[in-house]
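Below is one structure, written out as structure tokens; comments come after it.
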Amino acid sequence: MRISFSALMGFFLGLGLFALAVYVNTENYLMFFSLSSLLMVFGGTLAVAMISFEGRNVLLAFREILATLASNRVDPRKLYEDVGVLIDWAQIIRRESLLKLENSVELSAEEDKNFLGQSFIYLLSGYRGEKLRILLQNVQQSIYERKMVQSKVLMTMASAAPAFGMIGTLVGLVIMLNNMNGDPSKIGAGLAVALLTTLYGVLMAQLIFKPAARKVEHKQELEAYRNKVLTEGVVLLSEGVSPSHIEDAMNAFLEPNYQFNRATR
């Protein structure tokens with residue numbers, strides 16, 4: 001897994017600004033830590049997610065949180081490499097036959113499950129032209145909708161965290177007022193502890209859950225674009241179009257720095 005330095009920088013910048021504000025304004029750093037407040041916010045947020053979605057999708061959402069700092073798997077270079085695979089397939093079919101392609105290409109277990117691997121299987125199954133396009137578009141839409149569930153889970157958690165922070169604050173206020181016994185001097189310390197749950201809820205929502213949800217959306221948009229490009233290439237391949245024509249068609253989707261040059265292939 002490659003680390004995204006921009007994501008890492010953003011995370012530490014957000015956390016650093018909070019830490020700096022604490023450091024500049026007080027020497028009692030421990031007053032910003034409350035295990036009960038943390039458990040209230042995190043436990044309540046997790047409960048909402050488990051009630052709203054299947055447990056499997058909640059676990060996958062937490063995995064996406066860990067992957068927030070990772071680089072996107074789809075980038076211009078990766079798309080260039082995938083399109084290059086299609087052009088290589090076209091050259092094999094052009095020189096030999098579709099049967100030769102089946103014997104020449106060996107997909108790993110992971111590649112067999114991704115979009116390009118599924119496209120290869122459908123191509124060998126005899127699907128051509130518009131029928132193949134419709135089939136691949138259905139696969140593309142299914143992949144997108146299935147993986148976007150994790151974004152919905154994370155956005156739900158982002159909404160729930162501040163709400164449970166407020167609930168924790170109200171609970172803390174009730175306890176504080178009940179334990180005052182007519183002594184106003186206890187208001188300051190009790191109120192500070194009560195407000196920590198709101199602080200934790202906002203921090204979790206804005207620095208963890210929302211960025212993770214947006215990262216999932218961004219990754220799936222890139223993945224959907226990649227699959228759209230590959231769909232066009234596979235359909236052209238199924239129609240027997242020459243490798244040079246596939247190159248020209250694919251260059252329309254690629255960034256200028258990652259376009260194919262017939263003279264170099």
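Following the order of the structure tokens, chains are lettered A, B, ..., residues in each are numbered from 1, and ligands are numbered from 1.
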Using only C-alpha atoms, what table do you get, as a Markdown table, when you list each residue of stretch 46-132 of chain A with an atom no more than 7 Å from stretch 217-226 of chain A, its nearest pair of atoms, and their distance in Å rounded to one decimal, rows by chain then rising number?
```
| residue | atom | partner | partner_atom | distance |
| --- | --- | --- | --- | --- |
| A:Asn72 | CA | A:Lys219 | CA | 6.3 |
| A:Val74 | CA | A:Leu222 | CA | 6.3 |
| A:Leu79 | CA | A:Arg226 | CA | 6.5 |
```
Worksheet entry | Shell of 8 Å around stretch 231-241 of chain A, only C-alpha atoms, local chain residues under 5 positions omitted, as number ranges by chain | A: 83, 86, 90, 94, 119, 123, 127-130, 132-133, 136-137, 246, 249-250
Item to complete: Skip stretch 63-70 of chain A itself and residues of its chain fewer than 6 positions away, then list as a ChimeraX atom specification all residues within 6 Å of it, counting only C-alpha atoms.
Response: /A:2-4,7-8,212
Discussion item. Which residues are near stretch 195-211 of chain A? Cut-off 6 Å, only C-alpha atoms, ignore same chain within fewer than 5 positions. Put them as a PyMOL selection string.
Written reply: chain A and resi 37+41+154+158+161-162+165-166+168-169
At a cut-off of 9 Å, using only C-alpha atoms, what residues contact A:Leu124? Leave out same-chain residues fewer than 5 positions from it and give the result as a PDB file with C-alpha atoms, in the first residue's frame.
```
ATOM      1  CA  LEU A  98      -9.108 -15.319 -30.198  1.00  0.00           C
ATOM      2  CA  LEU A  99      -8.220 -18.904 -29.280  1.00  0.00           C
ATOM      3  CA  LEU A 101      -5.405 -15.080 -26.857  1.00  0.00           C
ATOM      4  CA  GLU A 102      -7.107 -17.490 -24.473  1.00  0.00           C
ATOM      5  CA  SER A 119     -14.133  -8.329 -19.504  1.00  0.00           C
TER       6      SER A 119
END
```
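Distance annotation: of A:Leu230, A:Met176, A:Val153, A:Ala252, the residue with the minimal separation from A:Leu46 is A:Val153; atom set is only C-alpha atoms.
Each of A:Thr45, A:Gln259, A:Asn57, A:Asn138 was checked against A:Ser159 using only C-alpha atoms; the smallest atom-to-atom distance is that of A:Thr45.
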